[in-house]
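**Student:** Just start_3.csv, nothing more (CSV, C-alpha atoms):
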chain,number,residue,atom,x,y,z
D,152,MET,CA,-50.9,-18.8,-5.3
D,153,THR,CA,-53.7,-19.3,-7.9
D,154,SER,CA,-53.8,-22.3,-10.2
D,155,THR,CA,-53.0,-20.1,-13.2
D,156,ARG,CA,-49.9,-18.7,-11.4
D,157,LEU,CA,-48.8,-22.2,-10.5
D,158,VAL,CA,-49.1,-23.4,-14.1
D,159,ALA,CA,-47.1,-20.3,-15.2
D,160,ALA,CA,-44.4,-20.9,-12.6
D,161,ALA,CA,-44.2,-24.6,-13.6
D,162,LEU,CA,-43.9,-23.7,-17.3
D,163,ALA,CA,-41.3,-21.1,-16.6
D,164,GLY,CA,-39.3,-23.6,-14.5
D,165,ALA,CA,-39.6,-26.2,-17.3
D,166,ALA,CA,-38.4,-23.7,-19.9
D,167,CYS,CA,-35.5,-22.9,-17.7
D,168,ILE,CA,-34.5,-26.5,-17.3
D,169,SER,CA,-34.8,-27.3,-20.9
D,170,LEU,CA,-33.3,-24.1,-22.4
D,171,CYS,CA,-30.7,-22.8,-20.0
D,172,PRO,CA,-27.4,-24.2,-19.0
D,173,VAL,CA,-27.8,-25.6,-15.5
D,174,ALA,CA,-25.2,-23.4,-14.0
D,175,SER,CA,-26.8,-20.1,-15.1
D,176,CYS,CA,-30.3,-21.2,-13.9
D,177,PHE,CA,-29.4,-22.6,-10.5
D,178,ALA,CA,-26.2,-20.9,-9.5
D,179,GLN,CA,-26.1,-19.8,-5.9
D,180,GLU,CA,-24.7,-16.4,-6.9
D,181,PRO,CA,-26.3,-14.0,-9.3
D,182,ALA,CA,-24.5,-13.9,-12.7
D,183,ARG,CA,-22.0,-11.1,-13.0
D,184,ALA,CA,-21.0,-9.3,-16.2
D,185,GLY,CA,-17.5,-8.4,-15.0
D,186,LEU,CA,-15.9,-5.0,-15.4
D,187,THR,CA,-16.4,-3.2,-18.7
D,188,LEU,CA,-13.5,-1.4,-20.3
D,189,ALA,CA,-15.2,1.9,-19.6
D,190,GLU,CA,-15.4,1.1,-15.8
D,191,PHE,CA,-11.8,-0.1,-15.9
D,192,GLU,CA,-10.6,3.2,-17.4
D,193,LYS,CA,-12.7,5.3,-15.1
D,194,LEU,CA,-11.7,3.5,-11.9
D,195,HIS,CA,-8.0,3.2,-12.9
D,196,LYS,CA,-7.9,7.0,-13.4
D,197,GLU,CA,-9.8,7.7,-10.2
D,198,LEU,CA,-7.6,5.6,-8.1
D,199,GLN,CA,-4.3,7.2,-9.1
D,200,PRO,CA,-2.7,9.3,-6.3
D,201,PRO,CA,-3.0,13.1,-7.0
D,202,ARG,CA,0.2,14.4,-8.6
D,203,ASP,CA,0.3,17.5,-6.3
D,204,GLU,CA,0.4,15.8,-2.9
D,205,PRO,CA,2.5,18.1,-0.7
D,206,TRP,CA,4.2,15.2,1.2
D,207,ARG,CA,5.4,13.7,-2.1
D,208,THR,CA,7.3,16.9,-2.9
D,209,ILE,CA,9.7,16.1,-0.1
D,210,PRO,CA,12.7,14.1,-1.4
D,211,TRP,CA,12.2,11.0,0.8
D,212,HIS,CA,14.8,8.3,1.3
D,213,VAL,CA,13.4,4.8,1.9
D,214,SER,CA,16.7,3.6,3.4
D,215,ILE,CA,18.0,5.2,6.6
D,216,LEU,CA,21.6,4.4,5.6
D,217,ALA,CA,21.2,6.1,2.2
D,218,GLY,CA,19.7,9.1,4.1
D,219,ARG,CA,22.6,9.1,6.5
D,220,GLU,CA,25.1,9.2,3.6
D,221,ALA,CA,23.2,12.1,2.0
D,222,ALA,CA,23.0,14.0,5.3
D,223,ALA,CA,26.8,13.5,5.8
D,224,ARG,CA,27.5,15.0,2.4
D,225,ALA,CA,25.0,17.9,2.9
D,226,ARG,CA,25.9,18.4,6.6
D,227,LYS,CA,22.2,18.4,7.4
D,228,PRO,CA,20.2,16.8,10.2
D,229,ILE,CA,18.2,13.7,9.3
D,230,PHE,CA,14.5,13.8,9.8
D,231,VAL,CA,13.2,10.2,10.4
D,232,TRP,CA,9.5,9.4,10.2
D,233,VAL,CA,8.9,6.1,12.0
D,234,ALA,CA,5.6,4.3,11.8
D,235,SER,CA,4.0,0.9,12.3
D,236,GLY,CA,4.1,-0.2,8.7
D,237,GLU,CA,5.9,1.7,5.9
D,238,PRO,CA,5.0,5.4,6.4
D,239,LEU,CA,5.8,6.2,2.7
D,240,GLY,CA,3.5,3.4,1.6
D,241,CYS,CA,0.5,2.0,3.4
D,242,GLY,CA,-2.8,3.7,3.7
G,43,MET,CA,-2.0,8.6,6.4
G,44,ALA,CA,-2.8,11.0,9.2
G,45,PHE,CA,0.6,12.8,9.0
G,46,ARG,CA,0.2,13.2,5.2
G,47,ALA,CA,-3.2,14.9,5.8
G,48,THR,CA,-2.0,17.1,8.6
G,49,ALA,CA,1.6,18.1,9.3
G,50,PHE,CA,2.9,17.1,5.9
G,51,ASN,CA,0.1,18.9,4.2
G,52,ASP,CA,1.4,22.2,5.7
G,53,ALA,CA,3.4,24.4,3.4
G,54,LYS,CA,5.8,25.6,6.1
G,55,VAL,CA,6.5,22.1,7.4
G,56,VAL,CA,7.1,20.8,3.9
G,57,GLU,CA,9.3,23.7,2.9
G,58,MET,CA,11.4,23.3,6.0
G,59,LEU,CA,11.8,19.6,5.5
G,60,ARG,CA,12.7,20.1,1.8
G,61,SER,CA,15.3,22.7,2.5
G,62,GLN,CA,16.9,22.0,5.9
G,63,PHE,CA,16.7,18.3,6.4
G,64,VAL,CA,17.4,14.9,4.7
G,65,CYS,CA,14.2,13.0,5.1
G,66,VAL,CA,13.7,9.3,5.6
G,67,GLY,CA,10.6,7.1,6.2
G,68,ILE,CA,10.9,3.7,7.9
G,69,ALA,CA,8.7,1.2,9.6
G,70,HIS,CA,9.8,0.2,13.2
G,71,ASN,CA,8.5,-3.3,12.3
G,72,GLY,CA,10.2,-3.2,8.9
G,73,ALA,CA,13.7,-1.6,8.9
G,74,GLY,CA,13.7,-2.2,12.6
G,75,ARG,CA,13.6,-5.9,12.1
G,76,ARG,CA,16.2,-6.2,9.4
G,77,LYS,CA,19.2,-8.4,10.2
G,78,ASP,CA,21.8,-6.1,8.6
G,79,ALA,CA,23.5,-2.7,9.0
G,80,GLU,CA,20.3,-0.9,7.9
G,81,GLY,CA,18.4,-2.6,10.8
G,82,ASP,CA,21.3,-1.9,13.3
G,83,PHE,CA,21.2,1.8,12.5
G,84,ALA,CA,17.3,1.9,12.6
G,85,ARG,CA,17.3,0.3,16.0
G,86,LYS,CA,19.5,3.1,17.4
G,87,ILE,CA,16.6,5.5,16.8
G,88,ILE,CA,13.4,3.5,17.2
G,89,GLY,CA,11.9,3.9,20.6
G,90,LYS,CA,14.3,6.7,21.6
G,91,GLY,CA,11.5,9.3,21.5
G,92,GLY,CA,9.5,7.3,24.0
G,93,THR,CA,7.2,5.5,21.6
G,94,LEU,CA,7.8,3.2,18.6
G,95,GLN,CA,6.4,5.8,16.2
G,96,GLY,CA,6.8,9.5,15.6
G,97,LEU,CA,8.9,12.2,14.0
G,98,HIS,CA,12.6,12.2,14.9
G,99,VAL,CA,15.6,14.4,14.1
G,100,ILE,CA,19.0,12.7,14.4
G,101,ASN,CA,22.6,13.4,13.4
G,102,THR,CA,24.7,11.0,11.4
G,103,ARG,CA,25.8,9.1,14.6
G,104,GLY,CA,22.1,8.3,15.2
G,105,GLU,CA,21.9,10.6,18.3
G,106,LEU,CA,18.4,12.0,18.9
G,107,ILE,CA,18.2,15.8,18.8
G,108,GLY,CA,14.5,16.2,18.3
G,109,TYR,CA,11.3,14.2,18.6
G,110,VAL,CA,7.5,14.8,18.5
G,111,TYR,CA,4.5,12.6,18.0
G,112,ASP,CA,1.9,15.2,17.2
G,113,PHE,CA,0.0,15.7,14.0
G,114,ARG,CA,-0.5,19.5,14.4
G,115,PRO,CA,1.7,21.4,12.0
G,116,GLU,CA,2.7,24.0,14.6
G,117,SER,CA,4.0,21.3,17.0
G,118,VAL,CA,6.0,19.7,14.2
G,119,LEU,CA,7.3,23.1,13.1
G,120,ALA,CA,8.4,24.0,16.6
G,121,MET,CA,10.2,20.7,17.0
G,122,LEU,CA,12.1,21.2,13.7
G,123,GLN,CA,13.1,24.7,14.7
G,124,ARG,CA,14.4,23.5,18.1
G,125,ALA,CA,16.3,20.7,16.4
G,126,LEU,CA,17.9,23.0,13.9
G,127,LYS,CA,19.2,25.3,16.7
G,128,LYS,CA,20.6,22.3,18.5
G,129,PHE,CA,22.1,20.5,15.5
G,130,GLU,CA,25.8,20.5,14.7
G,131,PRO,CA,27.3,18.3,12.0
G,132,VAL,CA,29.3,15.5,13.5
G,133,ASP,CA,31.8,13.1,11.9
G,134,ALA,CA,30.7,9.6,11.8
G,135,PRO,CA,32.4,6.6,10.3
G,136,ALA,CA,31.1,5.2,7.0
G,137,ILE,CA,28.9,2.1,7.5
G,138,GLU,CA,29.6,-0.8,5.2
G,139,PHE,CA,26.4,-2.1,3.8
G,140,LYS,CA,27.2,-5.0,1.4
G,141,GLU,CA,25.5,-7.9,3.2
G,142,LYS,CA,21.8,-7.1,3.0
G,143,ASP,CA,19.0,-9.0,4.7
G,144,ARG,CA,17.7,-11.0,1.7
G,145,HIS,CA,14.2,-10.9,3.0
G,146,PHE,CA,13.9,-7.2,2.3
G,147,VAL,CA,15.7,-7.1,-1.1
G,148,MET,CA,13.8,-6.5,-4.2
G,149,PRO,CA,14.1,-9.4,-6.7
G,150,GLU,CA,16.6,-8.6,-9.4
G,151,ASN,CA,15.2,-7.8,-12.8
G,152,GLY,CA,11.7,-8.1,-11.5
G,153,LEU,CA,8.8,-5.6,-11.7
G,154,VAL,CA,7.3,-3.2,-9.2
G,155,VAL,CA,3.6,-2.7,-9.6
G,156,ALA,CA,2.0,0.1,-7.5
G,157,THR,CA,-1.4,-0.6,-6.0
G,158,THR,CA,-3.9,1.8,-4.7
G,159,ALA,CA,-7.1,0.9,-3.0
G,160,LYS,CA,-10.2,3.0,-2.2
G,161,VAL,CA,-13.4,2.5,-0.3
G,162,LEU,CA,-15.9,3.9,-2.8
G,163,ALA,CA,-18.8,4.3,-0.4
G,164,GLY,CA,-20.2,3.3,2.9
G,165,HIS,CA,-18.4,5.4,5.5
G,166,ASP,CA,-20.5,7.6,7.8
G,167,PRO,CA,-20.2,11.3,7.2
G,168,VAL,CA,-17.3,13.0,8.9
G,169,LYS,CA,-18.4,14.0,12.4
G,170,ALA,CA,-15.6,16.2,13.5
G,171,THR,CA,-15.9,20.0,13.3
G,172,ARG,CA,-14.6,21.5,10.1
G,173,GLY,CA,-11.4,23.5,10.5
G,174,THR,CA,-10.0,21.2,13.3
G,175,ILE,CA,-7.2,18.8,13.2
G,176,GLN,CA,-9.7,16.0,14.1
G,177,TYR,CA,-11.7,16.9,10.9
G,178,ASP,CA,-8.6,16.6,8.7
G,179,MET,CA,-7.7,13.3,10.3
G,180,GLU,CA,-11.2,11.8,10.1
G,181,THR,CA,-11.5,13.0,6.5
G,182,ALA,CA,-8.2,11.4,5.6
G,183,TRP,CA,-9.2,8.2,7.4
G,184,LYS,CA,-12.4,7.9,5.4
G,185,SER,CA,-11.1,8.9,2.0
G,186,SER,CA,-7.5,7.8,1.8
G,187,LEU,CA,-5.9,5.7,-0.8
G,188,GLY,CA,-4.3,2.5,0.5
G,189,ARG,CA,-0.9,2.2,-1.2
G,190,GLU,CA,1.3,-0.8,-1.6
G,191,HIS,CA,3.8,-2.3,-4.0
G,192,LEU,CA,3.5,-5.7,-5.7
G,193,TRP,CA,6.8,-7.3,-6.3
G,194,VAL,CA,7.1,-9.6,-9.4
G,195,ARG,CA,10.0,-11.9,-9.7
G,196,GLU,CA,12.1,-12.1,-12.9
G,197,ASP,CA,10.8,-15.5,-13.9
G,198,GLU,CA,7.2,-14.3,-13.4
G,199,ALA,CA,7.8,-11.1,-15.4
G,200,GLN,CA,9.2,-13.3,-18.2
G,201,ALA,CA,6.1,-15.5,-18.1
G,202,LEU,CA,3.8,-12.4,-18.2
G,203,ALA,CA,5.7,-11.1,-21.2
G,204,GLY,CA,5.1,-14.5,-22.8
G,205,GLY,CA,1.4,-14.2,-22.2
G,206,LYS,CA,1.2,-16.5,-19.1
G,207,LEU,CA,0.1,-15.8,-15.6
G,208,PRO,CA,2.3,-17.8,-13.2
G,209,ARG,CA,0.5,-19.5,-10.3
G,210,SER,CA,3.0,-18.0,-7.8
G,211,LEU,CA,2.1,-14.5,-8.9
G,212,GLU,CA,-1.6,-15.2,-9.0
G,213,LEU,CA,-1.4,-16.4,-5.4
G,214,ARG,CA,0.7,-13.4,-4.2
G,215,LEU,CA,-1.6,-11.0,-5.9
G,216,VAL,CA,-4.7,-12.5,-4.5
G,217,ARG,CA,-3.5,-13.2,-1.0
G,218,TYR,CA,-1.6,-10.0,-0.2
G,219,HIS,CA,-2.9,-7.4,-2.6
G,220,LEU,CA,-6.7,-7.9,-2.8
G,221,VAL,CA,-7.0,-6.3,0.6
G,222,ASP,CA,-8.5,-3.2,2.3
G,223,ASN,CA,-5.3,-1.2,3.3
G,224,THR,CA,-7.0,2.2,3.3
G,225,ARG,CA,-6.8,2.5,7.0
G,226,GLY,CA,-3.4,0.8,7.8
G,227,THR,CA,-1.6,-2.4,7.4
G,228,PRO,CA,-4.1,-5.0,6.3
G,229,THR,CA,-4.5,-8.7,7.0
G,230,GLY,CA,-3.9,-10.9,4.0
G,231,TRP,CA,-5.6,-14.1,3.1
G,232,THR,CA,-4.6,-17.7,3.8
G,233,GLU,CA,-4.8,-20.1,0.9
G,234,LYS,CA,-7.8,-21.7,2.6
G,235,GLU,CA,-9.6,-18.4,2.6
G,236,ILE,CA,-9.5,-18.3,-1.2
G,237,LYS,CA,-12.9,-19.6,-2.0
G,238,LYS,CA,-12.6,-18.8,-5.6
G,239,ALA,CA,-9.8,-17.2,-7.7
G,240,HIS,CA,-10.3,-17.5,-11.4
G,241,LEU,CA,-7.8,-15.4,-13.2
G,242,LYS,CA,-7.1,-15.7,-16.9
G,243,LEU,CA,-4.6,-14.0,-19.1
G,244,HIS,CA,-5.5,-14.1,-22.8
G,245,ASP,CA,-4.5,-11.8,-25.6
G,246,GLY,CA,-3.1,-9.2,-23.1
G,247,ARG,CA,-6.3,-9.1,-21.1
G,248,LEU,CA,-6.3,-10.3,-17.5
G,249,THR,CA,-9.9,-11.1,-16.5
G,250,GLY,CA,-11.4,-13.0,-13.6
G,251,SER,CA,-13.2,-13.0,-10.3
G,252,VAL,CA,-12.4,-13.8,-6.7
G,253,HIS,CA,-14.2,-14.8,-3.6
G,254,LEU,CA,-12.0,-14.5,-0.5
G,255,GLU,CA,-13.5,-15.1,2.9
G,256,THR,CA,-12.4,-16.0,6.4
G,257,LYS,CA,-13.6,-19.2,8.0
G,258,ASP,CA,-16.0,-17.4,10.3
G,259,GLY,CA,-17.2,-15.2,7.5
G,260,SER,CA,-16.3,-12.0,9.3
G,261,ARG,CA,-14.1,-10.6,6.6
G,262,GLY,CA,-14.3,-11.2,2.8
G,263,TYR,CA,-14.0,-9.8,-0.6
G,264,GLN,CA,-16.0,-10.7,-3.7
G,265,ALA,CA,-14.7,-8.9,-6.8
G,266,GLU,CA,-14.3,-8.8,-10.5
G,267,LEU,CA,-11.0,-7.8,-12.2
G,268,LEU,CA,-9.9,-6.5,-15.6
G,269,GLY,CA,-6.3,-5.9,-16.5
G,270,ILE,CA,-4.4,-4.9,-19.6
G,271,LEU,CA,-0.9,-6.2,-20.1
G,272,GLU,CA,1.5,-5.3,-22.8
G,273,ALA,CA,5.0,-6.4,-23.6
G,274,ARG,CA,7.8,-5.5,-26.0
G,275,ASP,CA,11.0,-7.3,-26.7
G,276,GLY,CA,10.2,-9.8,-23.9
G,277,LYS,CA,9.6,-7.2,-21.3
G,278,VAL,CA,6.4,-6.1,-19.7
G,279,THR,CA,5.7,-2.5,-20.6
G,280,ARG,CA,2.2,-2.2,-19.2
G,281,PHE,CA,0.4,-3.7,-16.2
G,282,ASP,CA,-2.8,-1.9,-15.6
G,283,MET,CA,-5.5,-3.6,-13.6
G,284,VAL,CA,-8.6,-2.8,-11.7
G,285,VAL,CA,-10.3,-5.0,-9.1
G,286,GLN,CA,-13.8,-3.9,-8.0
G,287,GLY,CA,-16.2,-5.6,-5.7
G,288,GLN,CA,-17.8,-5.9,-2.3
G,289,PHE,CA,-15.6,-6.1,0.8
G,290,TRP,CA,-16.7,-6.7,4.4
G,291,GLY,CA,-15.0,-6.7,7.8
G,292,GLN,CA,-11.7,-5.3,8.9
G,293,GLY,CA,-8.2,-6.5,10.0
G,294,ALA,CA,-6.5,-6.2,13.4
G,295,TYR,CA,-4.8,-3.0,12.2
G,296,THR,CA,-7.5,-1.6,10.0
G,297,PRO,CA,-10.4,-0.7,12.3
G,298,GLY,CA,-13.1,1.7,11.3
G,299,ALA,CA,-14.4,-0.1,8.2
G,300,PRO,CA,-17.8,0.8,7.0
G,301,ARG,CA,-20.6,-1.4,8.4
G,302,GLY,CA,-21.7,-4.4,6.3
G,303,ARG,CA,-20.6,-4.8,2.8
G,304,PHE,CA,-19.0,-1.9,1.0
G,305,PRO,CA,-17.5,-1.3,-2.4
G,306,LEU,CA,-13.7,-1.5,-2.6
G,307,ALA,CA,-11.7,-0.9,-5.7
G,308,ILE,CA,-8.0,-1.6,-6.2
G,309,ALA,CA,-5.9,-0.3,-9.1
G,310,PHE,CA,-2.6,-1.7,-10.3
G,311,ARG,CA,0.0,0.2,-12.3
G,312,LEU,CA,3.5,-0.6,-13.4
G,313,LEU,CA,5.9,1.7,-11.5
G,314,ASP,CA,8.6,3.6,-13.2
G,315,ALA,CA,12.0,2.7,-11.8
G,316,ARG,CA,12.7,6.5,-11.7
G,317,ASP,CA,10.0,6.9,-9.1
G,318,PRO,CA,11.6,8.1,-5.8
G,319,LEU,CA,9.7,5.4,-3.9
G,320,TYR,CA,10.5,2.6,-6.4
G,321,HIS,CA,12.6,0.8,-3.8
G,322,LEU,CA,10.1,1.0,-1.0
G,323,VAL,CA,9.7,-2.5,0.5
G,324,PRO,CA,6.1,-3.7,0.4
G,325,ASP,CA,4.4,-3.9,3.7
G,326,ALA,CA,3.4,-7.5,2.9
G,327,VAL,CA,7.1,-8.4,2.6
G,328,ARG,CA,7.7,-7.7,6.3
G,329,CYS,CA,4.4,-9.3,7.3
G,330,TYR,CA,4.6,-12.5,5.4
G,331,PRO,CA,7.9,-14.5,5.2
G,332,ASP,CA,6.5,-16.5,2.2
G,333,TYR,CA,5.7,-13.4,0.2
G,334,LEU,CA,8.0,-14.1,-2.7
G,335,ARG,CA,7.4,-17.8,-2.7
Take the structure in the file and write it out as structure tokens.
**Tutor:**
Amino acid sequence: MTSTRLVAAALAGAACISLCPVASCFAQEPARAGLTLAEFEKLHKELQPPRDEPWRTIPWHVSILAGREAAARARKPIFVWVASGEPLGCG
Amino acid sequence: MAFRATAFNDAKVVEMLRSQFVCVGIAHNGAGRRKDAEGDFARKIIGKGGTLQGLHVINTRGELIGYVYDFRPESVLAMLQRALKKFEPVDAPAIEFKEKDRHFVMPENGLVVATTAKVLAGHDPVKATRGTIQYDMETAWKSSLGREHLWVREDEAQALAGGKLPRSLELRLVRYHLVDNTRGTPTGWTEKEIKKAHLKLHDGRLTGSVHLETKDGSRGYQAELLGILEARDGKVTRFDMVVQGQFWGQGAYTPGAPRGRFPLAIAFRLLDARDPLYHLVPDAVRCYPDYLR
């Protein structure tokens, strides 16, 4: 580094120490602005499940006893989807 | 999510299930562990097909009349057709279900907030051949929405309506809902793994940032959040929030995460009590006994 650059760096450092809050100058992590309202709205919309998912058109029961009662009334067989973790929730 | 993208994405399967069957979805490690009548009946079925998971057809006595653990629509359709031929309605005594396992009961007068998580980038391109079942499954694996419910107790809902974020809710939200559940049941965070969690509710805006990381640094999430809360007549009427940041690593049941750090966003939305899945028990409830602490 040349002497001119050294002086410039020292001046910049001194200015930082004298003018900036310590945290913003020397924080380990870069400063973050946080989410903007526009980003919030865009992501919130993007992350909603599609309304037309075929599996959601099936009238699922989350309780097997409630399903059993409904099947007894309708005299229908019971289809039971069993998974590790809630199959109607989860990923 | 694989069944949703394959068998339950097939019009014939869906139509047959809608018209000919009463459909139920349960977790073998959820309903199957309940210490009540619901658990007793679930245990009659779980494992009867030969594995803990899969698609079963039973009668009201809990007798198995069909089973398949295959994602191909034609296999599922064939099983359903065989089961329909075999099925005859049977009389079965009513089951009294008054004493419920408290661990799985939704808090009275609380709130249910639906959460959806998405990996925004970082997955390798789909390698399977287009038009195959493998392609559908891999695509689903790499693009799915992780879904979960956040339960809010009555006292916490009242605090929110009054403009305060209770510590118990803040901890629950951070530990069990700021997770990557896009590929299965995620691993939550211990309190020691919360390196930073600055959440602030002011004038209806929930803002803050989090840094969550395991001791060995193999899994973590650094994110910013912004939420909008509204209340009327002492009741929360809106709970919309987005968390966005960099996630890294994977849990025991969520293999296949993108390499290195990847962007993960999570959205929260107050769920309408009329939603058919409103009463779904959060996966985190069965995983963590202290969930509602």
**Student:** Residues of chain D near chain G: apply a cut-off of 10 Å, count all atoms listed in the file, and supply the list as a compact mmCIF listing (two decimals) with C-alpha atoms, keeping the file's coordinate frame.
**Tutor:**
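Okay, this is what ended up in out_0.txt:
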# COMPACT_ATOMS: atom_id res chain seq x y z
CA ARG D 183 -22.00 -11.10 -13.00
CA ALA D 184 -21.00 -9.30 -16.20
CA GLY D 185 -17.50 -8.40 -15.00
CA LEU D 186 -15.90 -5.00 -15.40
CA THR D 187 -16.40 -3.20 -18.70
CA LEU D 188 -13.50 -1.40 -20.30
CA GLU D 190 -15.40 1.10 -15.80
CA PHE D 191 -11.80 -0.10 -15.90
CA GLU D 192 -10.60 3.20 -17.40
CA LYS D 193 -12.70 5.30 -15.10
CA LEU D 194 -11.70 3.50 -11.90
CA HIS D 195 -8.00 3.20 -12.90
CA LYS D 196 -7.90 7.00 -13.40
CA GLU D 197 -9.80 7.70 -10.20
CA LEU D 198 -7.60 5.60 -8.10
CA GLN D 199 -4.30 7.20 -9.10
CA PRO D 200 -2.70 9.30 -6.30
CA GLU D 204 0.40 15.80 -2.90
CA PRO D 205 2.50 18.10 -0.70
CA TRP D 206 4.20 15.20 1.20
CA ARG D 207 5.40 13.70 -2.10
CA THR D 208 7.30 16.90 -2.90
CA ILE D 209 9.70 16.10 -0.10
CA PRO D 210 12.70 14.10 -1.40
CA TRP D 211 12.20 11.00 0.80
CA HIS D 212 14.80 8.30 1.30
CA VAL D 213 13.40 4.80 1.90
CA SER D 214 16.70 3.60 3.40
CA ILE D 215 18.00 5.20 6.60
CA LEU D 216 21.60 4.40 5.60
CA ALA D 217 21.20 6.10 2.20
CA GLY D 218 19.70 9.10 4.10
CA ARG D 219 22.60 9.10 6.50
CA GLU D 220 25.10 9.20 3.60
CA ALA D 221 23.20 12.10 2.00
CA ALA D 222 23.00 14.00 5.30
CA ALA D 223 26.80 13.50 5.80
CA ALA D 225 25.00 17.90 2.90
CA ARG D 226 25.90 18.40 6.60
CA LYS D 227 22.20 18.40 7.40
CA PRO D 228 20.20 16.80 10.20
CA ILE D 229 18.20 13.70 9.30
CA PHE D 230 14.50 13.80 9.80
CA VAL D 231 13.20 10.20 10.40
CA TRP D 232 9.50 9.40 10.20
CA VAL D 233 8.90 6.10 12.00
CA ALA D 234 5.60 4.30 11.80
CA SER D 235 4.00 0.90 12.30
CA GLY D 236 4.10 -0.20 8.70
CA GLU D 237 5.90 1.70 5.90
CA PRO D 238 5.00 5.40 6.40
CA LEU D 239 5.80 6.20 2.70
CA GLY D 240 3.50 3.40 1.60
CA CYS D 241 0.50 2.00 3.40
CA GLY D 242 -2.80 3.70 3.70
**Student:** Figure out the distance between atom CA of G:Leu207 and atom CA of G:Val278, please, to one decimal in Å.
**Tutor:**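 Atom-to-atom, atom CA of G:Val278 and atom CA of G:Leu207 are spaced 12.3 Å apart.
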**Student:** Choose the residue, out of G:Arg280, G:Arg124, G:Arg335, G:Arg217, that has the smallest atom-to-atom separation from G:Val154; count all atoms listed in the file.
**Tutor:**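 Smallest separation from G:Val154 among the options: G:Arg280.
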**Student:** Using Å and a single decimal, report how far atom CA of G:Leu153 sits from atom CA of G:Asp317.
**Tutor:**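 Those two atoms sit 12.8 Å apart.
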**Student:** May I have the residues within 10 Å of G:Arg195 as a compact mmCIF listing (two decimals) with C-alpha atoms, keeping the file's coordinate frame, using only C-alpha atoms and disregarding those fewer than 2 positions away in the same chain?
**Tutor:**
# COMPACT_ATOMS: atom_id res chain seq x y z
CA MET G 148 13.80 -6.50 -4.20
CA PRO G 149 14.10 -9.40 -6.70
CA GLU G 150 16.60 -8.60 -9.40
CA ASN G 151 15.20 -7.80 -12.80
CA GLY G 152 11.70 -8.10 -11.50
CA LEU G 153 8.80 -5.60 -11.70
CA VAL G 154 7.30 -3.20 -9.20
CA LEU G 192 3.50 -5.70 -5.70
CA TRP G 193 6.80 -7.30 -6.30
CA ASP G 197 10.80 -15.50 -13.90
CA GLU G 198 7.20 -14.30 -13.40
CA ALA G 199 7.80 -11.10 -15.40
CA GLN G 200 9.20 -13.30 -18.20
CA ALA G 201 6.10 -15.50 -18.10
CA SER G 210 3.00 -18.00 -7.80
CA LEU G 211 2.10 -14.50 -8.90
CA LEU G 334 8.00 -14.10 -2.70
CA ARG G 335 7.40 -17.80 -2.70
**Student:** Enter the distance from atom CA of G:Glu212 to atom CA of G:Lys237, in Å, rounded to one decimal.
**Tutor:**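 Separating atom CA of G:Glu212 from atom CA of G:Lys237 is a distance of 14.0 Å.
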**Student:** Which residue, G:Gly204, G:Pro115, G:Pro331, G:Gly276, has the smallest gap to G:Lys54 when you use only C-alpha atoms?
**Tutor:**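 So, comparing all the options, the nearest one is G:Pro115.
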